[in-house]
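So the structure is just underneath, and the comments pick up after that.
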Amino acid sequence: MNLSLRFILPLFFALTVLTYSSIQLVDQLVQRWSQRDLDMRADLMVNLLSPEVEKALAYPVKREMRAELTSTFERVAAHERIYALGYCDSAKRILAASAAFPFGLGCGPPEKPLPARMPFGPLHTVVRPVSGAPGSLVIVLDTSYLQNRYKEIRKYIFYFFAVLALVVSLITTLIAQLSWRGWLTGMRSLLLLGDTGFRRPSRFVNPEIRPIVKDLRAMMRQMEHERAIRDEANVSWTPQALREILQNDLAGEEVLIVSNREPYIHVRGKDGKIAVQFPASGLVSALEPVMRACSGTWIAHGSGSADRDVVDAHDHVPVPPGKPAYDIRRVWLSPEEEKGYYYGFANEGIWPLSHVAHTRPIFRTEDWEMYRKVNEKFARTVIEEAKTDNPVILVQDYHFALLPRLIRERLPQATVIMFWHIPWPNPEAFGICPWREEILHGMLGSSILGFHTRFHCNNFIDSVDRFREARIDRETSDIASGGHFTAVRHYPISIEWPPRWLEGQDPIRECRRKVREEAGIAKSVKLGIGVDRLDYTKGILERFQAVERLLDLQPEWRGMFSFLQIASPSRSVIEQYREFERQVREEADRINLKFGNASYRPIILRAEHHTPFDVFRHFRAADLCFVSSLHDGMNLVAKEFVSAREDEQGVLILSQFTGASRELPEALIINPYDVDQCAAALKMALTMSPREQQERMRSMRSYLKEFNVYRWAGRMLIDAARMRQKNKFQDKLRFGA
């Protein structure tokens, strides 16, 4: 009974609304038809009476003319639907009218409806000119018959929908009851003994659900598993948690990471010995802990001077050195390929296009062709490395926009997760790229496409909407293109917790002493730190100008505050980067000349590579860290500074144009283009009490501990597992096997 009511009550409500709407619609139609009928009747009267009126008007005596017209009007008005007739001359005076002509009507339609004549309905007045005569004929029609017509129509419509509701309700209830009983029988057969050591015979299972019984059981086990351990709030996100996800949710599937930058670079020193470098890359800093946890293979460009000397016959090298956890598969690029693909299209085209840093992107056809060639080369390498037909492949960043589609064409069952580490521009800016459609087509080969922020996801979806034929579900952020679905999600990247670079570090006090001695500054001098690649998007010049402004406005800090900038040289092949490095050096020299002396430098510039261990040592020694990016995807330097300070001291000054500013509101958030605001933030950081520093730092450290890089990777892998399960289930439904 309850089941029947669930069907009948909504149906009854829907039919009631439909009945009322239908009556209203029919009323409007009948009124329009009736109006047309009345107008046609009036025109017919005019055509019939025009000769009679002309004849009467020809009488020389006015009294005879009126008598003739009145007699004619009385004869015609005897018709049941004609209430009265009258004739008006050109001066709007009534010359003649039938006896029932309404008093006060005059020679035009009344402003208000006339009162009804009992027992009849309202009257309808029509005024028409008479052909061949100077006046107009006034026709008053009786519309009572229309009301009877309305009543009959409403009655029949009501009866029709009442019978329809009864019939549909009975049929719906019958079908619902039969279907529900069938499904209950089948589901009981599935659920009661579904997870025991034996199975009921198939004849006890409803034939309609028999083809998907195995998948339903698997889905139920998956749901139970997710309820038990996959709730993000209940998971302690560690390397072990990632391994469990791979084992339980992805059945131990192999993981391949593809990036341009490799996590370990082998270089040959001047003494001929081979050394290992860890590159200055936020991407590598985030992904390397994930790969150590998951194992697998990392495919990357082999760019080190000794990279070829340490690989095996298949271009593999196990890493980390001394404690291997995974392999690097190195891909070799010619100087021409590296110039066109990496320095050309990727970093002179896409990089400035994606960053609001006011540097004009440069697009060359030859660079694009080389970009396509290198993406093809990496796609072939992925196929070679894949041991199964459905691996999990993590494609990283703007160097490989075409790679997801190339992989999809060769491994249609693979789960391709592409993560875009830099901002995605709005459609207007992205439209500058001559090959925008090809880039979007390539990226939409992904199963999951990740960005740092929801804003960047929206920009990408808007770009697809503008430049591609695709079906977009903005509520779920899913895009269907070329028969394939891509889930667009935001996954704010983070760092490992605790950072491995804290192992073996000196205590904070000792780090402060050593760093100050190396920099040649006194113990009492406050120290600020900045760590970046030499890149025009990082706001290094704006940072120096903020230091200069502080010393201009607050002279007491001259000699008492120095800013140490670690700037790793980057992409020096590109003219814009060489020019930017020159500007940075000149700006540091200018400020030092303005405020410095033999024993004091306000800006200490170290434009050289530093190991992550050494960078963390500087973080621990500094009183503040200044991150002034002009536009950034996330910026992990801010998070690394916070993670390095287990003493819960130090102040983070953070640009509002970084993704990190949305996650670390306890930092001093600034606009790097506002030099006075930046100088004020420096002063506030230098004078902040230890207690306030502790409160801010403790809150940020608590957040990073929970939202670490393992959670970032785990969320993507869980989403990938769910997508795989969903696709398998849909395939079963589609093909019935």
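Ordering of the structure tokens sets the chain letters (A, B, ...); residue numbers start at 1 within each chain; ligands are numbered from 1 in the order shown.
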
Using only C-alpha atoms, which residues sit within 9 Å of Ile257 of chain A once same-chain residues fewer than 3 positions away are excluded, as a PDB file with all heavy atoms, in the first residue's frame?
```pdb
ATOM      1  N   LEU A 287      55.916  15.063  -5.974  1.00  0.00           N
ATOM      2  CA  LEU A 287      55.653  13.737  -6.509  1.00  0.00           C
ATOM      3  C   LEU A 287      56.636  12.672  -6.033  1.00  0.00           C
ATOM      4  O   LEU A 287      56.288  11.495  -5.963  1.00  0.00           O
ATOM      5  CB  LEU A 287      55.675  13.778  -8.035  1.00  0.00           C
ATOM      6  CG  LEU A 287      54.460  14.422  -8.707  1.00  0.00           C
ATOM      7  CD1 LEU A 287      54.674  14.529 -10.197  1.00  0.00           C
ATOM      8  CD2 LEU A 287      53.205  13.620  -8.422  1.00  0.00           C
ATOM      9  N   MET A 291      55.941   8.664  -5.229  1.00  0.00           N
ATOM     10  CA  MET A 291      56.512   7.550  -5.982  1.00  0.00           C
ATOM     11  C   MET A 291      57.267   6.599  -5.067  1.00  0.00           C
ATOM     12  O   MET A 291      57.254   5.381  -5.275  1.00  0.00           O
ATOM     13  CB  MET A 291      57.441   8.092  -7.073  1.00  0.00           C
ATOM     14  CG  MET A 291      57.597   7.171  -8.253  1.00  0.00           C
ATOM     15  SD  MET A 291      55.996   6.766  -8.992  1.00  0.00           S
ATOM     16  CE  MET A 291      56.511   5.706 -10.322  1.00  0.00           C
ATOM     17  N   GLY A 296      56.766   1.686  -8.814  1.00  0.00           N
ATOM     18  CA  GLY A 296      56.406   1.954 -10.198  1.00  0.00           C
ATOM     19  C   GLY A 296      57.567   2.519 -10.981  1.00  0.00           C
ATOM     20  O   GLY A 296      58.748   2.331 -10.640  1.00  0.00           O
ATOM     21  N   THR A 297      57.241   3.259 -12.037  1.00  0.00           N
ATOM     22  CA  THR A 297      58.256   3.803 -12.939  1.00  0.00           C
ATOM     23  C   THR A 297      57.971   5.267 -13.203  1.00  0.00           C
ATOM     24  O   THR A 297      56.835   5.648 -13.478  1.00  0.00           O
ATOM     25  CB  THR A 297      58.271   3.047 -14.285  1.00  0.00           C
ATOM     26  OG1 THR A 297      58.477   1.650 -14.030  1.00  0.00           O
ATOM     27  CG2 THR A 297      59.372   3.558 -15.192  1.00  0.00           C
ATOM     28  N   TRP A 298      59.026   6.064 -13.136  1.00  0.00           N
ATOM     29  CA  TRP A 298      58.939   7.500 -13.422  1.00  0.00           C
ATOM     30  C   TRP A 298      59.621   7.741 -14.762  1.00  0.00           C
ATOM     31  O   TRP A 298      60.821   7.535 -14.902  1.00  0.00           O
ATOM     32  CB  TRP A 298      59.634   8.296 -12.314  1.00  0.00           C
ATOM     33  CG  TRP A 298      59.427   9.789 -12.388  1.00  0.00           C
ATOM     34  CD1 TRP A 298      59.463  10.572 -13.499  1.00  0.00           C
ATOM     35  CD2 TRP A 298      59.175  10.665 -11.285  1.00  0.00           C
ATOM     36  NE1 TRP A 298      59.247  11.874 -13.186  1.00  0.00           N
ATOM     37  CE2 TRP A 298      59.064  11.973 -11.828  1.00  0.00           C
ATOM     38  CE3 TRP A 298      59.039  10.489  -9.918  1.00  0.00           C
ATOM     39  CZ2 TRP A 298      58.832  13.090 -11.016  1.00  0.00           C
ATOM     40  CZ3 TRP A 298      58.800  11.594  -9.129  1.00  0.00           C
ATOM     41  CH2 TRP A 298      58.692  12.887  -9.676  1.00  0.00           C
ATOM     42  N   ILE A 299      58.847   8.182 -15.744  1.00  0.00           N
ATOM     43  CA  ILE A 299      59.360   8.445 -17.096  1.00  0.00           C
ATOM     44  C   ILE A 299      59.651   9.928 -17.214  1.00  0.00           C
ATOM     45  O   ILE A 299      58.760  10.757 -16.993  1.00  0.00           O
ATOM     46  CB  ILE A 299      58.339   7.998 -18.156  1.00  0.00           C
ATOM     47  CG1 ILE A 299      58.023   6.508 -18.000  1.00  0.00           C
ATOM     48  CG2 ILE A 299      58.849   8.296 -19.559  1.00  0.00           C
ATOM     49  CD1 ILE A 299      56.864   6.032 -18.850  1.00  0.00           C
ATOM     50  N   ALA A 300      60.892  10.274 -17.563  1.00  0.00           N
ATOM     51  CA  ALA A 300      61.278  11.690 -17.605  1.00  0.00           C
ATOM     52  C   ALA A 300      62.423  11.893 -18.584  1.00  0.00           C
ATOM     53  O   ALA A 300      63.113  10.941 -18.986  1.00  0.00           O
ATOM     54  CB  ALA A 300      61.683  12.172 -16.211  1.00  0.00           C
ATOM     55  N   VAL A 392      47.741   2.733 -14.269  1.00  0.00           N
ATOM     56  CA  VAL A 392      47.413   4.073 -13.796  1.00  0.00           C
ATOM     57  C   VAL A 392      48.574   4.977 -14.195  1.00  0.00           C
ATOM     58  O   VAL A 392      49.715   4.761 -13.774  1.00  0.00           O
ATOM     59  CB  VAL A 392      47.213   4.104 -12.271  1.00  0.00           C
ATOM     60  CG1 VAL A 392      46.942   5.530 -11.801  1.00  0.00           C
ATOM     61  CG2 VAL A 392      46.077   3.182 -11.875  1.00  0.00           C
ATOM     62  N   ILE A 393      48.275   5.981 -15.010  1.00  0.00           N
ATOM     63  CA  ILE A 393      49.330   6.842 -15.566  1.00  0.00           C
ATOM     64  C   ILE A 393      49.087   8.267 -15.104  1.00  0.00           C
ATOM     65  O   ILE A 393      48.020   8.843 -15.365  1.00  0.00           O
ATOM     66  CB  ILE A 393      49.342   6.772 -17.109  1.00  0.00           C
ATOM     67  CG1 ILE A 393      49.497   5.310 -17.558  1.00  0.00           C
ATOM     68  CG2 ILE A 393      50.464   7.632 -17.669  1.00  0.00           C
ATOM     69  CD1 ILE A 393      49.281   5.102 -19.042  1.00  0.00           C
ATOM     70  N   LEU A 394      50.065   8.841 -14.410  1.00  0.00           N
ATOM     71  CA  LEU A 394      49.979  10.215 -13.918  1.00  0.00           C
ATOM     72  C   LEU A 394      50.811  11.111 -14.827  1.00  0.00           C
ATOM     73  O   LEU A 394      52.047  11.083 -14.775  1.00  0.00           O
ATOM     74  CB  LEU A 394      50.487  10.299 -12.470  1.00  0.00           C
ATOM     75  CG  LEU A 394      49.814   9.361 -11.461  1.00  0.00           C
ATOM     76  CD1 LEU A 394      50.478   9.477 -10.099  1.00  0.00           C
ATOM     77  CD2 LEU A 394      48.341   9.680 -11.343  1.00  0.00           C
ATOM     78  N   VAL A 395      50.150  11.880 -15.658  1.00  0.00           N
ATOM     79  CA  VAL A 395      50.824  12.790 -16.592  1.00  0.00           C
ATOM     80  C   VAL A 395      50.921  14.158 -15.940  1.00  0.00           C
ATOM     81  O   VAL A 395      49.911  14.700 -15.462  1.00  0.00           O
ATOM     82  CB  VAL A 395      50.055  12.876 -17.925  1.00  0.00           C
ATOM     83  CG1 VAL A 395      50.746  13.836 -18.876  1.00  0.00           C
ATOM     84  CG2 VAL A 395      49.936  11.492 -18.553  1.00  0.00           C
ATOM     85  N   GLN A 396      52.124  14.720 -15.953  1.00  0.00           N
ATOM     86  CA  GLN A 396      52.355  15.934 -15.197  1.00  0.00           C
ATOM     87  C   GLN A 396      52.633  17.149 -16.086  1.00  0.00           C
ATOM     88  O   GLN A 396      53.557  17.143 -16.897  1.00  0.00           O
ATOM     89  CB  GLN A 396      53.550  15.743 -14.235  1.00  0.00           C
ATOM     90  CG  GLN A 396      53.387  14.571 -13.289  1.00  0.00           C
ATOM     91  CD  GLN A 396      52.162  14.697 -12.416  1.00  0.00           C
ATOM     92  OE1 GLN A 396      51.953  15.725 -11.790  1.00  0.00           O
ATOM     93  NE2 GLN A 396      51.353  13.645 -12.368  1.00  0.00           N
TER      94      GLN A 396
END
```

Compile the contact shell of segment 612-627 of chain A as a compact mmCIF listing (two decimals) with N, CA and C atoms, in the first residue's frame: residues with an atom at most 7 Å away, counting only C-alpha atoms, same-chain residues fewer than 3 positions apart removed.
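Result file is result.txt:
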```txt
# COMPACT_ATOMS: atom_id res chain seq x y z
N TRP A 501 63.61 16.11 4.59
CA TRP A 501 64.80 16.96 4.64
C TRP A 501 65.06 17.50 6.04
N GLN A 505 68.99 17.48 10.44
CA GLN A 505 69.18 18.92 10.56
C GLN A 505 69.64 19.29 11.98
N ILE A 508 67.35 24.46 15.67
CA ILE A 508 67.06 25.78 15.13
C ILE A 508 68.14 26.78 15.50
N CYS A 511 71.20 26.26 13.41
CA CYS A 511 70.97 26.69 12.01
C CYS A 511 71.07 28.21 11.90
N ARG A 512 70.50 28.92 12.84
CA ARG A 512 70.55 30.39 12.82
C ARG A 512 72.00 30.87 12.89
N VAL A 515 73.99 29.89 9.46
CA VAL A 515 73.56 30.65 8.28
C VAL A 515 74.02 32.09 8.38
N LYS A 526 67.91 40.62 11.95
CA LYS A 526 66.75 39.82 11.50
C LYS A 526 66.98 39.37 10.06
N LEU A 527 66.58 38.14 9.77
CA LEU A 527 66.85 37.57 8.45
C LEU A 527 65.56 37.14 7.78
N GLY A 528 65.36 37.63 6.54
CA GLY A 528 64.27 37.17 5.69
C GLY A 528 64.81 36.24 4.63
N ILE A 529 63.97 35.33 4.16
CA ILE A 529 64.40 34.34 3.17
C ILE A 529 63.42 34.29 2.01
N GLY A 530 63.95 34.14 0.81
CA GLY A 530 63.15 33.88 -0.38
C GLY A 530 63.81 32.78 -1.17
N ALA A 638 56.06 28.08 0.23
CA ALA A 638 55.35 28.56 1.42
C ALA A 638 55.07 27.40 2.37
N PHE A 641 58.39 26.10 4.04
CA PHE A 641 58.85 26.95 5.13
C PHE A 641 58.11 26.62 6.43
N ALA A 644 59.20 23.33 7.97
CA ALA A 644 60.55 23.33 8.52
C ALA A 644 60.61 23.88 9.94
N ARG A 645 59.52 24.54 10.39
CA ARG A 645 59.58 25.25 11.66
C ARG A 645 58.83 24.50 12.76
N GLY A 650 58.60 32.15 13.35
CA GLY A 650 58.76 32.60 11.98
C GLY A 650 57.44 33.06 11.39
N VAL A 651 57.52 33.95 10.41
CA VAL A 651 56.33 34.54 9.80
C VAL A 651 56.38 34.31 8.29
N LEU A 652 55.26 33.91 7.74
CA LEU A 652 55.13 33.70 6.29
C LEU A 652 54.39 34.88 5.68
N ILE A 653 55.02 35.56 4.73
CA ILE A 653 54.38 36.60 3.93
C ILE A 653 54.07 35.98 2.57
N LEU A 654 52.81 36.00 2.18
CA LEU A 654 52.36 35.19 1.05
C LEU A 654 51.51 35.99 0.07
N SER A 655 51.85 35.88 -1.20
CA SER A 655 51.11 36.57 -2.26
C SER A 655 49.69 36.03 -2.38
N ALA A 685 55.88 41.58 10.22
CA ALA A 685 56.54 40.30 10.46
C ALA A 685 57.73 40.46 11.39
```

Excluding Val637 of chain A and residues on its chain fewer than 2 positions from it, collect all residues at most 8 Å away from it, counting only C-alpha atoms, and give them as number ranges by chain. A: 282, 531-532, 627, 635, 639-641

Expected file contents, prior selection, N, CA and C atoms, as a short mmCIF file (atom, residue, chain, number, x, y, z; two decimals), in the first residue's frame:
```
data_model
loop_
_atom_site.label_atom_id
_atom_site.label_comp_id
_atom_site.auth_asym_id
_atom_site.auth_seq_id
_atom_site.Cartn_x
_atom_site.Cartn_y
_atom_site.Cartn_z
N GLY A 282 59.06 22.35 -7.69
CA GLY A 282 57.95 22.02 -6.81
C GLY A 282 57.26 20.74 -7.23
N VAL A 531 63.04 31.79 -1.62
CA VAL A 531 63.58 30.65 -2.37
C VAL A 531 62.76 30.48 -3.64
N ASP A 532 63.39 30.66 -4.78
CA ASP A 532 62.67 30.59 -6.06
C ASP A 532 63.63 30.20 -7.16
N VAL A 627 57.07 35.11 0.06
CA VAL A 627 56.65 34.50 -1.21
C VAL A 627 55.79 35.53 -1.93
N ASN A 635 52.57 27.05 -5.28
CA ASN A 635 53.79 27.51 -4.62
C ASN A 635 54.01 26.73 -3.33
N LYS A 639 54.65 26.26 1.85
CA LYS A 639 54.34 25.11 2.70
C LYS A 639 55.61 24.49 3.27
N GLU A 640 56.69 24.48 2.50
CA GLU A 640 57.94 23.93 2.99
C GLU A 640 58.51 24.76 4.13
N PHE A 641 58.39 26.10 4.04
CA PHE A 641 58.85 26.95 5.13
C PHE A 641 58.11 26.62 6.43
#
```

I'd like to know which residues of segment 251-359 of chain A are strand (DSSP E) (by DSSP, run on the backbone); could you write them as a list in words? Val255, Leu256, Ile257, Val258, Ile265, His266, Val267, Arg268, Ile274, Ala275, Val276, Gln277, Thr297, Trp298, Ile299, Ala300, His301, His316, Val317, Pro318, Val319, Tyr326, Asp327, Ile328, Arg329, Arg330 and Val331 of chain A

Write a file of the selected residues as an mmCIF file, in the first residue's frame, keeping N, CA, C and O atoms.
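Result written to selection_38.cif:
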```cif
data_model
loop_
_atom_site.group_PDB
_atom_site.id
_atom_site.type_symbol
_atom_site.label_atom_id
_atom_site.label_comp_id
_atom_site.auth_asym_id
_atom_site.auth_seq_id
_atom_site.Cartn_x
_atom_site.Cartn_y
_atom_site.Cartn_z
ATOM 1 N N VAL A 255 51.839 1.841 -11.446
ATOM 2 C CA VAL A 255 51.729 3.289 -11.541
ATOM 3 C C VAL A 255 52.893 3.815 -12.368
ATOM 4 O O VAL A 255 54.056 3.490 -12.104
ATOM 5 N N LEU A 256 52.559 4.612 -13.369
ATOM 6 C CA LEU A 256 53.572 5.282 -14.189
ATOM 7 C C LEU A 256 53.390 6.780 -14.036
ATOM 8 O O LEU A 256 52.272 7.290 -14.139
ATOM 9 N N ILE A 257 54.497 7.487 -13.772
ATOM 10 C CA ILE A 257 54.474 8.948 -13.740
ATOM 11 C C ILE A 257 55.257 9.452 -14.936
ATOM 12 O O ILE A 257 56.335 8.934 -15.253
ATOM 13 N N VAL A 258 54.711 10.456 -15.606
ATOM 14 C CA VAL A 258 55.379 11.069 -16.750
ATOM 15 C C VAL A 258 55.560 12.547 -16.464
ATOM 16 O O VAL A 258 54.588 13.256 -16.179
ATOM 17 N N ILE A 265 69.034 13.744 -10.803
ATOM 18 C CA ILE A 265 69.864 14.064 -11.962
ATOM 19 C C ILE A 265 71.295 13.646 -11.658
ATOM 20 O O ILE A 265 71.843 13.997 -10.601
ATOM 21 N N HIS A 266 71.887 12.907 -12.560
ATOM 22 C CA HIS A 266 73.277 12.494 -12.402
ATOM 23 C C HIS A 266 74.163 13.425 -13.228
ATOM 24 O O HIS A 266 73.962 13.576 -14.444
ATOM 25 N N VAL A 267 75.105 14.057 -12.564
ATOM 26 C CA VAL A 267 76.000 15.013 -13.232
ATOM 27 C C VAL A 267 77.443 14.615 -12.940
ATOM 28 O O VAL A 267 77.759 14.048 -11.886
ATOM 29 N N ARG A 268 78.307 14.920 -13.885
ATOM 30 C CA ARG A 268 79.731 14.636 -13.723
ATOM 31 C C ARG A 268 80.450 15.915 -13.317
ATOM 32 O O ARG A 268 80.348 16.946 -13.978
ATOM 33 N N ILE A 274 80.804 11.163 -10.531
ATOM 34 C CA ILE A 274 79.376 11.364 -10.776
ATOM 35 C C ILE A 274 78.687 11.695 -9.458
ATOM 36 O O ILE A 274 78.861 10.991 -8.455
ATOM 37 N N ALA A 275 77.923 12.787 -9.473
ATOM 38 C CA ALA A 275 77.164 13.211 -8.301
ATOM 39 C C ALA A 275 75.677 13.207 -8.644
ATOM 40 O O ALA A 275 75.286 13.271 -9.811
ATOM 41 N N VAL A 276 74.850 13.145 -7.598
ATOM 42 C CA VAL A 276 73.394 13.128 -7.765
ATOM 43 C C VAL A 276 72.832 14.448 -7.270
ATOM 44 O O VAL A 276 73.153 14.897 -6.162
ATOM 45 N N GLN A 277 72.013 15.086 -8.096
ATOM 46 C CA GLN A 277 71.349 16.329 -7.719
ATOM 47 C C GLN A 277 69.840 16.108 -7.634
ATOM 48 O O GLN A 277 69.271 15.322 -8.395
ATOM 49 N N THR A 297 57.241 3.259 -12.037
ATOM 50 C CA THR A 297 58.256 3.803 -12.939
ATOM 51 C C THR A 297 57.971 5.267 -13.203
ATOM 52 O O THR A 297 56.835 5.648 -13.478
ATOM 53 N N TRP A 298 59.026 6.064 -13.136
ATOM 54 C CA TRP A 298 58.939 7.500 -13.422
ATOM 55 C C TRP A 298 59.621 7.741 -14.762
ATOM 56 O O TRP A 298 60.821 7.535 -14.902
ATOM 57 N N ILE A 299 58.847 8.182 -15.744
ATOM 58 C CA ILE A 299 59.360 8.445 -17.096
ATOM 59 C C ILE A 299 59.651 9.928 -17.214
ATOM 60 O O ILE A 299 58.760 10.757 -16.993
ATOM 61 N N ALA A 300 60.892 10.274 -17.563
ATOM 62 C CA ALA A 300 61.278 11.690 -17.605
ATOM 63 C C ALA A 300 62.423 11.893 -18.584
ATOM 64 O O ALA A 300 63.113 10.941 -18.986
ATOM 65 N N HIS A 301 62.618 13.148 -18.939
ATOM 66 C CA HIS A 301 63.715 13.528 -19.822
ATOM 67 C C HIS A 301 65.038 13.401 -19.073
ATOM 68 O O HIS A 301 65.221 13.987 -18.010
ATOM 69 N N HIS A 316 66.948 2.411 -17.707
ATOM 70 C CA HIS A 316 66.391 2.473 -16.365
ATOM 71 C C HIS A 316 67.509 2.717 -15.359
ATOM 72 O O HIS A 316 68.646 2.264 -15.542
ATOM 73 N N VAL A 317 67.153 3.405 -14.275
ATOM 74 C CA VAL A 317 68.057 3.534 -13.142
ATOM 75 C C VAL A 317 67.215 3.507 -11.868
ATOM 76 O O VAL A 317 66.213 4.217 -11.764
ATOM 77 N N PRO A 318 67.563 2.658 -10.890
ATOM 78 C CA PRO A 318 66.796 2.611 -9.641
ATOM 79 C C PRO A 318 67.158 3.790 -8.738
ATOM 80 O O PRO A 318 68.319 4.178 -8.632
ATOM 81 N N VAL A 319 66.152 4.350 -8.080
ATOM 82 C CA VAL A 319 66.327 5.470 -7.154
ATOM 83 C C VAL A 319 65.378 5.273 -5.973
ATOM 84 O O VAL A 319 64.425 4.500 -6.066
ATOM 85 N N TYR A 326 61.881 2.814 -6.582
ATOM 86 C CA TYR A 326 61.236 2.816 -7.888
ATOM 87 C C TYR A 326 62.298 3.055 -8.944
ATOM 88 O O TYR A 326 63.480 3.294 -8.632
ATOM 89 N N ASP A 327 61.889 3.004 -10.216
ATOM 90 C CA ASP A 327 62.819 3.197 -11.340
ATOM 91 C C ASP A 327 62.525 4.500 -12.064
ATOM 92 O O ASP A 327 61.365 4.916 -12.175
ATOM 93 N N ILE A 328 63.591 5.101 -12.577
ATOM 94 C CA ILE A 328 63.446 6.191 -13.552
ATOM 95 C C ILE A 328 63.710 5.608 -14.933
ATOM 96 O O ILE A 328 64.719 4.925 -15.144
ATOM 97 N N ARG A 329 62.784 5.845 -15.850
ATOM 98 C CA ARG A 329 63.021 5.509 -17.266
ATOM 99 C C ARG A 329 63.318 6.815 -17.969
ATOM 100 O O ARG A 329 62.457 7.697 -18.060
ATOM 101 N N ARG A 330 64.521 6.945 -18.458
ATOM 102 C CA ARG A 330 64.951 8.198 -19.066
ATOM 103 C C ARG A 330 64.681 8.201 -20.567
ATOM 104 O O ARG A 330 64.917 7.216 -21.263
ATOM 105 N N VAL A 331 64.173 9.331 -21.032
ATOM 106 C CA VAL A 331 63.896 9.549 -22.449
ATOM 107 C C VAL A 331 64.915 10.565 -22.950
ATOM 108 O O VAL A 331 65.113 11.623 -22.338
#
```

With segment 438-459 of chain A as the partner and 12 Å as the cut-off, tabulate the residues of segment 250-352 of chain A that qualify, each row holding the nearest pair of atoms and their distance in Å to one decimal, using only C-alpha atoms, sorted by chain and rising number, as a tab-separated table.
```
residue	atom	partner	partner_atom	distance
A:Phe345	CA	A:Ile439	CA	11.9
A:Ala346	CA	A:Ile439	CA	11.8
A:Ile350	CA	A:Ile439	CA	10.4
```

Write the residues of the preceding selection, restricted to N, CA, C and O atoms, as a CSV table (one decimal), in the first residue's frame.
```csv
chain,number,residue,atom,x,y,z
A,345,PHE,N,58.0,25.9,-27.3
A,345,PHE,CA,56.6,26.0,-27.2
A,345,PHE,C,56.1,26.0,-25.7
A,345,PHE,O,55.2,26.7,-25.3
A,346,ALA,N,56.8,25.1,-24.9
A,346,ALA,CA,56.3,25.0,-23.5
A,346,ALA,C,56.6,26.3,-22.7
A,346,ALA,O,55.7,26.8,-22.0
A,350,ILE,N,53.3,28.4,-23.8
A,350,ILE,CA,52.3,28.1,-22.8
A,350,ILE,C,52.6,28.7,-21.4
A,350,ILE,O,51.7,29.2,-20.7
```

Non-local contacts of Val138 of chain A (12 Å; only C-alpha atoms; under 2 positions in same chain excluded) as a PyMOL selection string: chain A and resi 42-43+45-46+49+73+77+82-89+92-98+101-102+105-110+124-130+135-136+140-141

Pick from A:Asn148, A:Ser90, A:Thr143, A:Gln413 nearest to Leu38 of chain A, counting only C-alpha atoms: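 Comparing A:Asn148, A:Ser90, A:Thr143, A:Gln413 against Leu38 of chain A, the winner is A:Thr143.
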
Could you work out how far atom CA of Glu648 of chain A lies from atom CA of Met700 of chain A, giving the answer in Å with one decimal?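 Separation between atom CA of Met700 of chain A and atom CA of Glu648 of chain A: 9.6 Å.
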
Provide the atom CA of Glu376 of chain A to atom CA of Arg571 of chain A distance in Å, to one decimal place.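 For atom CA of Glu376 of chain A relative to atom CA of Arg571 of chain A, the distance reads 23.2 Å.
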
What residues in segment 288-373 of chain A get the DSSP label alpha helix (DSSP H)? Please answer as a list of chain:residue names.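 Matching residues, listed in order: A:Glu288, A:Pro289, A:Val290, A:Met291, A:Arg292, A:Ala293, A:Cys294, A:Asp307, A:Arg308, A:Asp309, A:Val310, A:Pro335, A:Glu336, A:Glu337, A:Trp351, A:Pro352, A:Leu353, A:Ser354, A:Thr365, A:Glu366, A:Asp367, A:Trp368, A:Glu369, A:Met370, A:Tyr371, A:Arg372, A:Lys373.
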